[in-house]
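As provided, model_1.txt (compact mmCIF, C-alpha atoms) reads as follows.
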```txt
# COMPACT_ATOMS: atom_id res chain seq x y z
CA MET Q 1385 8.12 48.83 -20.73
CA ASN Q 1386 7.93 50.86 -17.56
CA ALA Q 1387 6.59 48.88 -14.58
CA ALA Q 1388 5.84 52.19 -12.79
CA ALA Q 1389 2.73 52.44 -15.01
CA GLU Q 1390 1.09 49.60 -13.04
CA GLY Q 1391 -2.30 50.74 -11.79
CA LYS Q 1392 -2.60 53.53 -14.35
CA VAL Q 1393 -6.18 54.11 -15.54
CA TYR Q 1394 -6.78 55.67 -18.96
CA PRO Q 1395 -9.66 57.96 -19.98
CA ALA Q 1396 -12.97 56.21 -20.74
CA VAL Q 1397 -13.78 55.62 -24.40
CA GLU Q 1398 -17.36 55.65 -25.67
CA VAL Q 1399 -18.17 53.18 -28.44
CA GLU Q 1400 -21.37 52.48 -30.34
CA VAL Q 1401 -22.10 48.85 -31.22
CA GLU Q 1402 -22.53 49.55 -34.93
CA PRO Q 1403 -24.88 47.09 -36.66
CA GLU Q 1404 -22.67 47.02 -39.77
CA ARG Q 1405 -19.50 46.14 -37.81
CA LEU Q 1406 -21.36 43.51 -35.85
CA LYS Q 1407 -22.68 41.97 -39.07
CA ASP Q 1408 -19.15 41.92 -40.55
CA PHE Q 1409 -17.73 40.40 -37.34
CA ARG Q 1410 -20.40 37.68 -37.33
CA GLY Q 1411 -19.67 37.10 -41.02
CA VAL Q 1412 -15.98 36.46 -40.35
CA PHE Q 1413 -16.95 33.63 -38.00
CA ARG Q 1414 -19.93 32.45 -40.07
CA GLN Q 1415 -22.37 33.08 -37.24
CA ALA Q 1416 -26.00 33.56 -38.27
CA SER Q 1417 -27.23 35.69 -35.39
CA GLY Q 1418 -26.48 37.14 -31.97
CA VAL Q 1419 -23.43 38.95 -30.64
CA PRO Q 1420 -20.37 36.68 -30.40
CA PRO Q 1421 -18.74 36.93 -26.94
CA THR Q 1422 -15.40 37.96 -28.47
CA PHE Q 1423 -16.99 40.95 -30.24
CA VAL Q 1424 -16.04 42.92 -27.11
CA THR Q 1425 -12.45 42.84 -28.38
CA THR Q 1426 -13.40 45.49 -30.97
CA ILE Q 1427 -14.39 47.83 -28.12
CA GLU Q 1428 -11.47 46.91 -25.90
CA TYR Q 1429 -9.11 47.61 -28.80
CA LEU Q 1430 -10.14 51.29 -28.97
CA ALA Q 1431 -9.34 51.70 -25.28
CA PHE Q 1432 -6.09 49.74 -25.75
CA ALA Q 1433 -4.91 52.22 -28.42
CA GLN Q 1434 -4.25 54.67 -25.56
CA VAL Q 1435 -2.08 52.09 -23.78
CA ALA Q 1436 -0.12 51.29 -26.95
CA ALA Q 1437 0.56 55.01 -27.53
CA ASP Q 1438 1.40 55.92 -23.92
CA PRO Q 1439 4.99 57.28 -23.69
CA GLU Q 1440 5.02 56.66 -19.91
CA LEU Q 1441 4.41 52.91 -20.37
CA ALA Q 1442 6.69 52.82 -23.47
CA LEU Q 1443 5.31 49.62 -24.99
CA ASP Q 1444 7.13 48.75 -28.23
CA PHE Q 1445 4.02 47.84 -30.19
CA ALA Q 1446 5.96 46.57 -33.21
CA ARG Q 1447 7.25 43.71 -31.00
CA VAL Q 1448 3.92 42.91 -29.35
CA VAL Q 1449 1.96 39.69 -29.77
CA HIS Q 1450 -1.26 38.75 -28.02
CA GLY Q 1451 -0.49 36.33 -25.18
CA ALA Q 1452 -3.84 35.56 -23.58
CA GLN Q 1453 -7.39 36.83 -23.44
CA GLU Q 1454 -10.44 36.41 -21.20
CA PHE Q 1455 -13.95 37.81 -21.34
CA ASP Q 1456 -16.35 37.73 -18.43
CA HIS Q 1457 -19.85 38.77 -19.53
CA ARG Q 1458 -22.51 39.96 -17.09
CA ARG Q 1459 -24.89 40.11 -20.04
CA PRO Q 1460 -24.62 39.89 -23.84
CA VAL Q 1461 -23.74 43.06 -25.77
CA ARG Q 1462 -26.75 44.54 -27.63
CA GLU Q 1463 -26.68 45.81 -31.19
CA GLY Q 1464 -26.95 49.62 -31.39
CA GLU Q 1465 -26.16 50.37 -27.74
CA THR Q 1466 -23.42 52.73 -26.61
CA LEU Q 1467 -20.84 51.24 -24.28
CA THR Q 1468 -18.07 52.90 -22.31
CA ALA Q 1469 -14.71 51.15 -21.97
CA THR Q 1470 -12.19 52.01 -19.26
CA ILE Q 1471 -8.82 50.30 -19.45
CA ARG Q 1472 -6.17 50.01 -16.74
CA VAL Q 1473 -2.71 48.52 -16.43
CA ASP Q 1474 -3.00 45.57 -14.08
CA SER Q 1475 0.61 44.40 -14.20
CA VAL Q 1476 3.93 44.65 -16.04
CA ARG Q 1477 6.35 41.73 -15.62
CA GLY Q 1478 9.57 40.64 -17.26
CA ILE Q 1479 9.97 36.91 -17.85
CA GLY Q 1480 13.19 35.92 -19.61
CA ALA Q 1481 13.74 38.14 -22.64
CA ASN Q 1482 10.02 39.01 -22.85
CA ALA Q 1483 7.86 41.52 -21.00
CA PHE Q 1484 4.23 40.74 -20.14
CA LEU Q 1485 1.62 43.47 -19.90
CA VAL Q 1486 -1.80 42.66 -18.39
CA VAL Q 1487 -4.57 45.19 -19.00
CA ILE Q 1488 -8.14 45.00 -17.71
CA THR Q 1489 -11.04 46.79 -19.41
CA ASP Q 1490 -14.38 47.38 -17.74
CA ILE Q 1491 -17.22 47.85 -20.21
CA VAL Q 1492 -20.38 49.50 -18.91
CA ASP Q 1493 -23.68 50.45 -20.54
CA GLU Q 1494 -25.53 53.78 -20.64
CA ASP Q 1495 -26.83 53.18 -17.09
CA GLY Q 1496 -23.31 52.54 -15.82
CA THR Q 1497 -24.08 48.83 -15.34
CA LEU Q 1498 -21.19 46.45 -15.95
CA VAL Q 1499 -21.62 44.46 -19.18
CA CYS Q 1500 -18.25 42.74 -19.55
CA VAL Q 1501 -14.74 42.64 -18.12
CA ALA Q 1502 -12.00 41.91 -20.64
CA LYS Q 1503 -8.51 40.89 -19.58
CA SER Q 1504 -5.66 40.91 -22.11
CA THR Q 1505 -2.08 39.78 -21.79
CA MET Q 1506 0.26 41.36 -24.31
CA VAL Q 1507 3.76 40.02 -24.82
CA GLU Q 1508 6.54 42.38 -25.86
CA ARG Q 1509 8.99 39.98 -27.42
CA GLY Q 1510 12.66 40.37 -26.59
CA THR Q 1511 15.10 41.48 -29.26
CA VAL Q 1512 17.54 38.63 -28.62
CA MET Z 45 -30.84 26.99 -33.79
CA SER Z 46 -32.22 26.83 -30.30
CA LEU Z 47 -30.48 26.92 -26.96
CA ARG Z 48 -29.24 23.52 -25.81
CA SER Z 49 -30.92 22.23 -22.68
CA PHE Z 50 -28.78 21.89 -19.57
CA ASP Z 51 -30.42 18.53 -18.83
CA GLU Z 52 -29.04 17.05 -22.08
CA VAL Z 53 -25.46 17.88 -21.19
CA ALA Z 54 -23.15 15.38 -19.48
CA VAL Z 55 -19.65 15.80 -18.05
CA GLY Z 56 -17.15 14.39 -20.54
CA GLU Z 57 -19.32 15.15 -23.56
CA GLU Z 58 -17.24 16.21 -26.57
CA LEU Z 59 -18.14 19.19 -28.75
CA PRO Z 60 -18.28 18.63 -32.53
CA GLN Z 61 -14.98 19.89 -33.93
CA LEU Z 62 -14.93 22.94 -36.19
CA ARG Z 63 -12.27 23.21 -38.91
CA ARG Z 64 -11.20 26.12 -41.03
CA VAL Z 65 -8.42 26.80 -43.52
CA ILE Z 66 -7.24 30.38 -43.02
CA VAL Z 67 -6.98 32.38 -46.23
CA ARG Z 68 -5.48 35.86 -46.62
CA GLU Z 69 -8.93 37.39 -47.06
CA ASP Z 70 -10.04 36.02 -43.65
CA VAL Z 71 -7.15 37.84 -41.97
CA LYS Z 72 -8.00 41.09 -43.79
CA ASP Z 73 -11.72 40.73 -42.98
CA TYR Z 74 -10.91 40.20 -39.32
CA ALA Z 75 -8.54 43.23 -39.28
CA ASP Z 76 -11.37 45.42 -40.62
CA ALA Z 77 -14.21 44.07 -38.47
CA GLY Z 78 -12.01 43.75 -35.38
CA ARG Z 79 -10.31 47.17 -35.81
CA ASP Z 80 -6.86 45.58 -35.50
CA GLN Z 81 -4.65 46.88 -38.33
CA ASN Z 82 -1.32 45.65 -36.89
CA PRO Z 83 1.04 45.15 -39.91
CA LEU Z 84 1.96 41.72 -38.48
CA HIS Z 85 -1.37 40.59 -39.97
CA GLN Z 86 -1.10 42.43 -43.33
CA ASP Z 87 2.47 42.89 -44.45
CA ASP Z 88 4.61 39.77 -45.11
CA GLU Z 89 7.83 41.77 -45.16
CA PHE Z 90 7.05 43.30 -41.77
CA ALA Z 91 6.07 39.89 -40.34
CA ARG Z 92 9.38 38.41 -41.55
CA SER Z 93 11.29 41.34 -40.01
CA VAL Z 94 9.92 40.33 -36.58
CA GLY Z 95 10.69 36.64 -36.98
CA PHE Z 96 7.64 35.01 -38.62
CA ASP Z 97 7.52 33.28 -42.02
CA GLY Z 98 4.88 35.68 -43.29
CA ILE Z 99 1.69 37.28 -41.98
CA ILE Z 100 -0.09 35.44 -39.19
CA ALA Z 101 -3.76 35.39 -38.23
CA HIS Z 102 -4.86 37.49 -35.26
CA GLY Z 103 -4.99 35.64 -31.95
CA MET Z 104 -8.55 36.87 -31.73
CA PHE Z 105 -9.34 35.14 -35.01
CA THR Z 106 -8.32 31.87 -33.39
CA MET Z 107 -10.38 32.63 -30.27
CA GLY Z 108 -13.32 33.83 -32.37
CA HIS Z 109 -13.23 30.50 -34.22
CA MET Z 110 -13.21 28.69 -30.87
CA ALA Z 111 -16.17 30.81 -29.71
CA ALA Z 112 -18.02 29.85 -32.91
CA CYS Z 113 -17.49 26.16 -32.09
CA VAL Z 114 -18.86 26.68 -28.57
CA GLY Z 115 -21.71 28.90 -29.78
CA ASP Z 116 -22.74 26.36 -32.43
CA TRP Z 117 -22.81 23.62 -29.80
CA ALA Z 118 -24.79 25.78 -27.32
CA GLY Z 119 -27.21 26.94 -30.01
CA ASP Z 120 -26.63 30.63 -29.31
CA PRO Z 121 -23.35 32.61 -29.18
CA GLU Z 122 -24.89 34.80 -26.45
CA ALA Z 123 -25.10 31.77 -24.14
CA ILE Z 124 -21.32 32.08 -23.65
CA VAL Z 125 -20.83 33.89 -20.35
CA GLN Z 126 -17.07 33.50 -20.11
CA ILE Z 127 -14.43 32.56 -22.63
CA GLY Z 128 -10.65 32.72 -22.63
CA GLY Z 129 -7.36 31.05 -23.36
CA GLN Z 130 -3.66 31.48 -24.02
CA PHE Z 131 -2.18 32.09 -27.47
CA ARG Z 132 0.78 29.76 -27.82
CA ALA Z 133 1.59 29.38 -31.52
CA PRO Z 134 1.10 31.45 -34.67
CA VAL Z 135 -1.25 30.44 -37.49
CA GLY Z 136 -0.12 31.27 -41.02
CA VAL Z 137 -2.09 31.73 -44.22
CA GLY Z 138 -3.06 28.41 -45.82
CA GLU Z 139 -3.01 26.50 -42.52
CA GLU Z 140 -6.05 24.70 -41.14
CA ILE Z 141 -7.13 25.29 -37.56
CA VAL Z 142 -9.28 22.78 -35.71
CA THR Z 143 -11.14 23.60 -32.52
CA GLY Z 144 -12.91 21.37 -30.08
CA GLY Z 145 -13.60 20.84 -26.44
CA SER Z 146 -15.40 18.88 -23.80
CA VAL Z 147 -17.66 19.47 -20.80
CA ARG Z 148 -15.60 19.53 -17.62
CA LYS Z 149 -18.29 20.39 -15.08
CA ARG Z 150 -21.96 21.31 -14.70
CA ASP Z 151 -23.60 23.66 -12.23
CA PRO Z 152 -27.28 22.63 -11.87
CA GLU Z 153 -28.18 25.74 -9.87
CA ALA Z 154 -26.86 28.23 -12.42
CA ARG Z 155 -27.61 25.81 -15.33
CA THR Z 156 -24.13 26.47 -16.65
CA ALA Z 157 -21.55 24.12 -18.13
CA THR Z 158 -17.81 24.74 -17.95
CA LEU Z 159 -15.97 23.57 -21.04
CA GLU Z 160 -12.33 22.87 -21.70
CA THR Z 161 -11.52 24.05 -25.23
CA TRP Z 162 -8.53 24.13 -27.57
CA VAL Z 163 -7.38 25.03 -31.06
CA SER Z 164 -4.79 22.97 -32.94
CA VAL Z 165 -2.93 23.33 -36.24
CA THR Z 166 -1.03 20.69 -38.21
CA ARG Z 167 2.07 22.12 -39.92
CA ALA Z 168 3.22 21.13 -43.41
CA ASP Z 169 5.82 18.75 -41.85
CA GLY Z 170 3.13 16.99 -39.78
CA THR Z 171 3.95 18.65 -36.45
CA VAL Z 172 0.89 19.52 -34.38
CA ASP Z 173 0.94 22.85 -32.52
CA MET Z 174 -1.63 24.43 -30.23
CA PRO Z 175 -2.34 28.05 -31.25
CA LEU Z 176 -4.74 28.25 -28.31
CA LYS Z 177 -4.14 26.38 -25.06
CA ARG Z 178 -5.90 26.27 -21.70
CA GLY Z 179 -9.09 27.40 -23.38
CA GLU Z 180 -12.12 27.62 -21.16
CA ALA Z 181 -15.72 28.65 -21.68
CA VAL Z 182 -18.70 28.90 -19.35
CA VAL Z 183 -22.02 28.51 -21.11
CA ARG Z 184 -25.48 29.23 -19.69
CA LEU Z 185 -27.86 26.61 -21.03
CA GLY Z 186 -31.64 26.36 -21.24
```
In structure tokens, how does this file's structure come out?
Amino acid sequence: MNAAAEGKVYPAVEVEVEPERLKDFRGVFRQASGVPPTFVTTIEYLAFAQVAADPELALDFARVVHGAQEFDHRRPVREGETLTATIRVDSVRGIGANAFLVVITDIVDEDGTLVCVAKSTMVERGTV
Amino acid sequence: MSLRSFDEVAVGEELPQLRRVIVREDVKDYADAGRDQNPLHQDDEFARSVGFDGIIAHGMFTMGHMAACVGDWAGDPEAIVQIGGQFRAPVGVGEEIVTGGSVRKRDPEARTATLETWVSVTRADGTVDMPLKRGEAVVRLG
């Protein structure tokens, strides 16, 4: 990975909170109602696809595992709304044989109001 | 289910544990609903080529299970304001994950409780690993 990509902001991605996907997501976790707080990961993931495919950052996605995750909700996500996710590279660090990538995604609603901040740590495992 | 009252919650209180044996279909269902089609979670041969014994569950399956435990305790998944943790060990198909937690502090003004949460797995040889460590959740109660 290229540490020079620190601070890079990727284009915003618009995502609809599809009722069918939400129902399936709830079903996986046997939740009867509401929007689980980790549902935001499905939105974050679409923004993250740009990071994974970025030749400047050069993340070797085949060697990546999820290291840590945090969600900070300002309000719950609502079924049917359209959210906009903007992801940025917070840090790139090498620790031992592994490289740690921290990305932060701001998720805002149609009014531009912040709904959730998601922070992901991805670990690119060393080849040794 | 109704939202748990803040007044009923005490520091040190333990959450009821939530157990689940992970089957292959769960991993596939999560890949579809969660939009994460990484072959590490679908293709045993690929998973072995990168050093695992076979496909592993998504980290976000483990955290989603933890969120379900917290949401069930709170009475509403939307009561969870913050949730997070570190993924420290893989979970394979056929393994049982157990999640639990306890109340670490209460904020009477915000009517929130901060919980310490975790997910464990017992391997076939009896070793206990922690797929999710340093779990934390902040829950806004009624």
Could you please select, counting all atoms listed in the file, the residues of chain Q within 6 Å of chain Z and state them as a PyMOL selection string? chain Q and resi 1405+1408-1409+1420+1426+1451-1457+1460
Filtering to C-alpha atoms, could you give me those residues as a PDB file, keeping the file's coordinate frame?
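Generated file (part-v6.pdb):
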```pdb
ATOM      1  CA  ARG Q1405     -19.500  46.140 -37.810  1.00  0.00           C
ATOM      2  CA  ASP Q1408     -19.150  41.920 -40.550  1.00  0.00           C
ATOM      3  CA  PHE Q1409     -17.730  40.400 -37.340  1.00  0.00           C
ATOM      4  CA  PRO Q1420     -20.370  36.680 -30.400  1.00  0.00           C
ATOM      5  CA  THR Q1426     -13.400  45.490 -30.970  1.00  0.00           C
ATOM      6  CA  GLY Q1451      -0.490  36.330 -25.180  1.00  0.00           C
ATOM      7  CA  ALA Q1452      -3.840  35.560 -23.580  1.00  0.00           C
ATOM      8  CA  GLN Q1453      -7.390  36.830 -23.440  1.00  0.00           C
ATOM      9  CA  GLU Q1454     -10.440  36.410 -21.200  1.00  0.00           C
ATOM     10  CA  PHE Q1455     -13.950  37.810 -21.340  1.00  0.00           C
ATOM     11  CA  ASP Q1456     -16.350  37.730 -18.430  1.00  0.00           C
ATOM     12  CA  HIS Q1457     -19.850  38.770 -19.530  1.00  0.00           C
ATOM     13  CA  PRO Q1460     -24.620  39.890 -23.840  1.00  0.00           C
TER      14      PRO Q1460
END
```
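With all atoms listed in the file as the atoms that count, the residue of Q:Glu1390, Q:Asp1438, Q:Glu1428, Q:Glu1400 with the shortest distance to Lys1503 (chain Q) is Q:Glu1428.
Of the listed residues (Z:Gly186, Z:Pro60, Z:Gly138, Z:Gly145), Z:Gly138 comes nearest to Arg167 (chain Z); the distances count only C-alpha atoms.
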Excluding Glu58 (chain Z) and residues on its chain fewer than 2 positions from it, collect all residues at most 12 Å away from it, counting all atoms listed in the file, and give them as a PyMOL selection string. chain Z and resi 53-56+60-62+113-114+117+143-148+159-162
As an exercise, work out the distance from CA of Thr1470 (chain Q) to CA of Val1507 (chain Q) in Å and give it to one decimal place.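 Separation of CA of Thr1470 (chain Q) and CA of Val1507 (chain Q): 20.7 Å.
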CA of Val1401 (chain Q) sits from CA of His1450 (chain Q) at a separation of 23.4 Å
Rounded to one decimal in Å, what is the spacing between CA of Arg48 (chain Z) and CA of Arg184 (chain Z)? 9.2 Å
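Residues lying at most 10 Å from (-7.2, 26.2, -46.1) in file coordinates, with all atoms listed in the file considered, are Arg63, Arg64, Val65, Ile66, Val67, Arg68, Val137, Gly138, Glu139, Glu140 and Ile141 of chain Z.
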Would you list the contacts of Asp1495 (chain Q) as a PyMOL selection string, taking every protein, DNA or RNA residue within 12 Å and counting all atoms listed in the file, but skipping same-chain residues closer than 3 positions in sequence? chain Q and resi 1465-1468+1491-1492+1498-1499
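For the residues Q:Met1506, Q:Cys1500, Q:Val1412, Q:Met1385, ranking by smallest atom-to-atom distance to Val1461 (chain Q) using all atoms listed in the file places Q:Cys1500 first.
You can rank Z:Ala118, Z:Ala101, Z:Val163, Z:Ala168 by their closest distance to Val1449 (chain Q) using all atoms listed in the file, and at the top of that list sits Z:Ala101.
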If I put a ball of radius 10 Å at (4.1, 47.7, -29.6) in the file's coordinates, which residues poke into it when counting all atoms listed in the file, written as a ChimeraX atom specification? /Q:1385,1435-1437,1442-1449,1506-1509 /Z:82
Considering only C-alpha atoms, state which residue in the set Q:Val1424, Q:Val1393, Q:Ala1388, Q:Arg1414 is at the smallest distance from Val1473 (chain Q).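 Among the listed residues, the smallest separation from Val1473 (chain Q) belongs to Q:Val1393.
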Contact residues around Val1476 (chain Q) with all atoms listed in the file at 8 Å, ignoring same-chain residues under 3 positions, as a list in words: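 These residues fall inside the cut-off: Met1385, Asn1386, Ala1387, Ala1389, Glu1390, Val1473, Ala1483, Phe1484, Leu1485 and Val1486 of chain Q.
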